[in-house]
Amino acid sequence: MARTHGSWTGGRLTARSLLNPKQAATAVFHPAWIPPSVDPSIEQLKRFRVIAGAVASLGVYTIFEGGFDVTQLLENALTASVVLLFITPLAVGAMLFVWRRTGTVGQLRGPLFNALKLLLLFVGCVAGLVVLVTTINASGNPLVIIFGGLTMLWMLGFVVWGAIRVSGNFFGTAAVHRCLPALLATVTSWLMAIPDLVTGDLHGLSLTLGVVFILGAPVTVTAIALLEMGRLRRRYGIRLKAHPATLPPLPGHLPPVPGHLPPTGLPHVPPQGNPYGHPYPPAGAGHPYAPGPRNPYAPPPQPPYAPHPNGHGNPYSPGPNGT
């Protein structure tokens with residue numbers, strides 16, 4: 001199916017939104033083709049997973065080891081991106097091998113290519129930011145420093161917020177399988193921590209702090225991911241080992257019933273028109289408070305009290321016989 005214009009960003013990326021790196025990153029790194037979350041509680045778990053994943057990817061020990069260094073932070077982010085570039089396809093490929101018994105790869109070709117493009121786009125943005133920072137630091141030209149610095153600040157906000165978005169949806173792999181983001185976050189966090197565990201490099205921290213900061217993040221990510229996949233299995237019947245084509249439809253995503261047309265119109269619209277008649281009489285109708293149209297041949301209306309024979313018209317005056 002041909003891609004329509006604006007289908008990636010859903011029309012959210014406008015010239016005005018480009019001025020705000022947060023809005024631009026949300027439109028680019030959380031595309032419109034990513035399915036919405038099926039449960040608010042699962043979305044809350046994803047936020048905790050993002051925080052723990054950031055600890056695993058960037059490392060809090062950078063702050064304790066030598067102070068907050070933007071260059072070191074970007075290098076860690078670039079390293080994490082390169083790891084993701086190799087680990088994510090391998091993990092997805094392993095799951096495709098598991099799913100081959102109940103489905104085909106061709107059924108998932110579209111979502112897989114979209115996730116790969118999102119991964120390459122994010123890695124490219126991180127690499128571009130690192131090159132920009134290196135160029136500005138090596139340049140002595142004031143104009144390059146000024147304009148390059150402004151661009152660097154925008155790119156920094158764009159990449160940081162983009163990292164938050166792709167950590168939550170994990171490069172849109174939820175469009176392939178709802179359990180893939182949790183699985184990939186777990187695998188990535190452990191692969192980022194294993195080198196430090198094998199080499200015993202605690203980055204200048206004590207044994208206790210080193211173990212906490214190296215193992216704390218992947219253990220937390222794993223626990224949250226297991227809880228997330230457990231809720232998907234219990235509440236919606238979504239199992240990691242099941243091919244996405246065999247999963248039951250989610251609430252709100254049921255296929256349309258053939259031959260059934262949804263009701264049109266608004267069911268609660270009141271009857272049109274004024275039930276009390278026009279509030280204003282037409283022009284030329286005379287006195288606005290006069291009664292409605294009458295029979296022109298009817299006798300004139302009688303006053304409430306007939307005129308008294310004495311001519312006074314007082315209903316309480318005595319009659320001709322003094323009564």
# chains A, B, ... in the order shown; residues from 1 in each chain; ligands from 1
call {"tool": "residues_around", "arguments": {"residues": "region 226-243 of chain A", "least_positions_apart": "3", "cutoff": "7 Å", "atoms": "only C-alpha atoms", "output": "PyMOL selection string"}}
result
chain A and resi 42+45+98-99+102-103+179+222-223+246-248+250
call {"tool": "residues_around", "arguments": {"residues": "Leu118 (chain A)", "least_positions_apart": "5", "cutoff": "9 Å", "atoms": "only C-alpha atoms", "output": "PyMOL selection string"}}
result
chain A and resi 28-31+113+123+166+171-172
call {"tool": "residues_around", "arguments": {"residues": "Ser7 (chain A)", "least_positions_apart": "6", "cutoff": "12 Å", "atoms": "only C-alpha atoms", "output": "number ranges by chain"}}
result
A: 1, 13, 27-28, 30-34, 114
call {"tool": "select_by_dssp", "arguments": {"residues": "region 59-261 of chain A", "states": "helix (DSSP H, G or I)", "output": "ChimeraX atom specification"}}
result
/A:61-66,70-99,106-138,142-169,173-175,180-199,207-236,244-246
call {"tool": "write_last_selection", "arguments": {"atoms": "C-alpha atoms", "output": "compact mmCIF listing (two decimals), in the first residue's frame"}}
result
# COMPACT_ATOMS: atom_id res chain seq x y z
CA TYR A 61 28.15 6.53 37.41
CA THR A 62 29.21 9.21 34.88
CA ILE A 63 28.06 11.87 37.32
CA PHE A 64 29.80 10.27 40.29
CA GLU A 65 32.98 9.44 38.39
CA GLY A 66 33.96 12.87 37.14
CA VAL A 70 28.06 16.48 28.14
CA THR A 71 30.70 15.02 25.83
CA GLN A 72 30.94 11.83 27.88
CA LEU A 73 27.16 11.66 28.03
CA LEU A 74 26.91 11.90 24.25
CA GLU A 75 29.60 9.27 23.79
CA ASN A 76 27.67 6.93 26.07
CA ALA A 77 24.50 7.67 24.11
CA LEU A 78 26.29 6.95 20.83
CA THR A 79 27.64 3.68 22.23
CA ALA A 80 24.17 2.69 23.39
CA SER A 81 22.78 3.55 19.94
CA VAL A 82 25.36 1.37 18.19
CA VAL A 83 24.51 -1.48 20.57
CA LEU A 84 20.83 -1.02 19.76
CA LEU A 85 21.62 -1.02 16.05
CA PHE A 86 22.96 -4.56 16.31
CA ILE A 87 21.00 -5.99 19.22
CA THR A 88 17.49 -4.98 18.14
CA PRO A 89 17.55 -6.78 14.75
CA LEU A 90 19.08 -9.87 16.38
CA ALA A 91 16.40 -9.99 19.10
CA VAL A 92 13.61 -9.44 16.58
CA GLY A 93 15.11 -12.10 14.33
CA ALA A 94 15.12 -14.58 17.21
CA MET A 95 11.43 -13.91 17.82
CA LEU A 96 10.66 -14.34 14.12
CA PHE A 97 12.31 -17.76 14.38
CA VAL A 98 10.00 -18.58 17.30
CA TRP A 99 6.90 -17.32 15.46
CA GLY A 106 5.64 -11.62 5.19
CA GLN A 107 2.69 -10.78 7.42
CA LEU A 108 4.94 -8.50 9.49
CA ARG A 109 7.03 -6.98 6.69
CA GLY A 110 5.50 -3.50 6.91
CA PRO A 111 5.83 -2.98 10.70
CA LEU A 112 9.33 -4.49 10.67
CA PHE A 113 10.60 -2.07 8.02
CA ASN A 114 9.01 0.88 9.81
CA ALA A 115 10.71 -0.08 13.08
CA LEU A 116 14.06 -0.47 11.28
CA LYS A 117 13.72 2.97 9.69
CA LEU A 118 12.91 4.52 13.07
CA LEU A 119 15.97 2.84 14.60
CA LEU A 120 18.26 4.11 11.82
CA LEU A 121 16.77 7.58 12.08
CA PHE A 122 17.46 7.81 15.81
CA VAL A 123 21.02 6.46 15.52
CA GLY A 124 21.69 8.93 12.72
CA CYS A 125 20.43 11.85 14.82
CA VAL A 126 22.63 10.85 17.77
CA ALA A 127 25.67 10.50 15.49
CA GLY A 128 24.90 13.89 13.91
CA LEU A 129 24.71 15.54 17.33
CA VAL A 130 28.07 14.06 18.36
CA VAL A 131 29.69 15.30 15.14
CA LEU A 132 28.16 18.76 15.65
CA VAL A 133 29.44 19.04 19.22
CA THR A 134 32.92 17.89 18.18
CA THR A 135 33.01 20.40 15.33
CA ILE A 136 31.98 23.31 17.55
CA ASN A 137 34.53 22.42 20.22
CA ALA A 138 37.32 22.26 17.61
CA PRO A 142 32.87 33.01 16.73
CA LEU A 143 30.09 32.70 14.13
CA VAL A 144 30.39 28.93 14.12
CA ILE A 145 30.31 28.87 17.89
CA ILE A 146 27.24 31.13 18.11
CA PHE A 147 25.07 29.63 15.37
CA GLY A 148 26.43 26.15 15.91
CA GLY A 149 25.74 26.47 19.62
CA LEU A 150 22.11 27.40 18.99
CA THR A 151 21.73 24.48 16.63
CA MET A 152 23.44 22.21 19.14
CA LEU A 153 20.99 23.23 21.88
CA TRP A 154 18.03 22.49 19.62
CA MET A 155 19.51 19.17 18.54
CA LEU A 156 20.29 18.25 22.14
CA GLY A 157 16.66 18.77 23.19
CA PHE A 158 15.47 16.97 20.06
CA VAL A 159 17.65 13.92 20.66
CA VAL A 160 17.03 13.74 24.42
CA TRP A 161 13.27 13.86 24.03
CA GLY A 162 13.51 11.49 21.08
CA ALA A 163 15.43 9.04 23.28
CA ILE A 164 12.59 9.17 25.80
CA ARG A 165 10.01 8.48 23.10
CA VAL A 166 11.87 5.59 21.45
CA SER A 167 12.61 4.08 24.87
CA GLY A 168 8.88 3.94 25.56
CA ASN A 169 7.82 2.47 22.21
CA THR A 173 8.16 -2.56 17.74
CA ALA A 174 4.76 -2.62 19.44
CA ALA A 175 3.37 -2.41 15.90
CA LEU A 180 8.42 -6.77 21.90
CA PRO A 181 9.21 -3.39 23.56
CA ALA A 182 9.43 -4.98 27.00
CA LEU A 183 11.55 -7.85 25.70
CA LEU A 184 13.97 -5.61 23.80
CA ALA A 185 14.34 -3.24 26.75
CA THR A 186 15.30 -6.19 28.97
CA VAL A 187 17.82 -7.63 26.51
CA THR A 188 19.42 -4.24 25.84
CA SER A 189 19.76 -3.29 29.51
CA TRP A 190 21.50 -6.56 30.33
CA LEU A 191 23.85 -6.34 27.35
CA MET A 192 24.85 -2.84 28.43
CA ALA A 193 25.65 -4.08 31.93
CA ILE A 194 27.40 -7.39 31.09
CA PRO A 195 30.70 -5.83 29.90
CA ASP A 196 31.12 -4.00 33.21
CA LEU A 197 30.30 -7.19 35.12
CA VAL A 198 32.76 -9.28 33.11
CA THR A 199 35.64 -6.81 33.27
CA LEU A 207 31.90 -2.27 45.27
CA THR A 208 28.50 -1.54 46.77
CA LEU A 209 27.73 1.46 44.56
CA GLY A 210 29.14 -0.32 41.54
CA VAL A 211 26.87 -3.31 41.99
CA VAL A 212 23.87 -1.08 42.66
CA PHE A 213 24.35 1.10 39.59
CA ILE A 214 25.42 -1.72 37.26
CA LEU A 215 22.86 -4.35 38.26
CA GLY A 216 20.12 -2.10 39.61
CA ALA A 217 18.98 -0.84 36.21
CA PRO A 218 18.76 -4.17 34.32
CA VAL A 219 17.12 -5.91 37.27
CA THR A 220 14.55 -3.13 37.51
CA VAL A 221 13.93 -3.15 33.76
CA THR A 222 13.49 -6.93 33.80
CA ALA A 223 11.02 -6.83 36.69
CA ILE A 224 8.93 -4.12 35.07
CA ALA A 225 9.03 -5.87 31.69
CA LEU A 226 7.86 -9.16 33.21
CA LEU A 227 5.03 -7.34 34.98
CA GLU A 228 4.09 -5.59 31.75
CA MET A 229 4.03 -8.82 29.72
CA GLY A 230 2.14 -10.57 32.52
CA ARG A 231 -0.63 -8.00 32.39
CA LEU A 232 -0.84 -8.26 28.62
CA ARG A 233 -1.19 -12.03 28.92
CA ARG A 234 -3.78 -12.05 31.74
CA ARG A 235 -5.94 -9.17 30.58
CA TYR A 236 -5.77 -9.41 26.78
CA PRO A 244 0.98 -11.49 16.09
CA ALA A 245 -1.43 -12.72 13.41
CA THR A 246 -2.83 -15.31 15.84
call {"tool": "closest_residue", "arguments": {"among": "A:Phe170, A:Thr26, A:Thr104, A:Arg178", "to": "Asp39 (chain A)", "atoms": "only C-alpha atoms"}}
result
A:Arg178
call {"tool": "atom_distance", "arguments": {"atom1": "CA of Trp8 (chain A)", "atom2": "CA of Gln23 (chain A)"}}
result
14.3 Å
call {"tool": "atom_distance", "arguments": {"atom1": "CA of Ala24 (chain A)", "atom2": "CA of Gly10 (chain A)"}}
result
12.1 Å
call {"tool": "atom_distance", "arguments": {"atom1": "CA of Pro36 (chain A)", "atom2": "CA of Val176 (chain A)"}}
result
12.8 Å
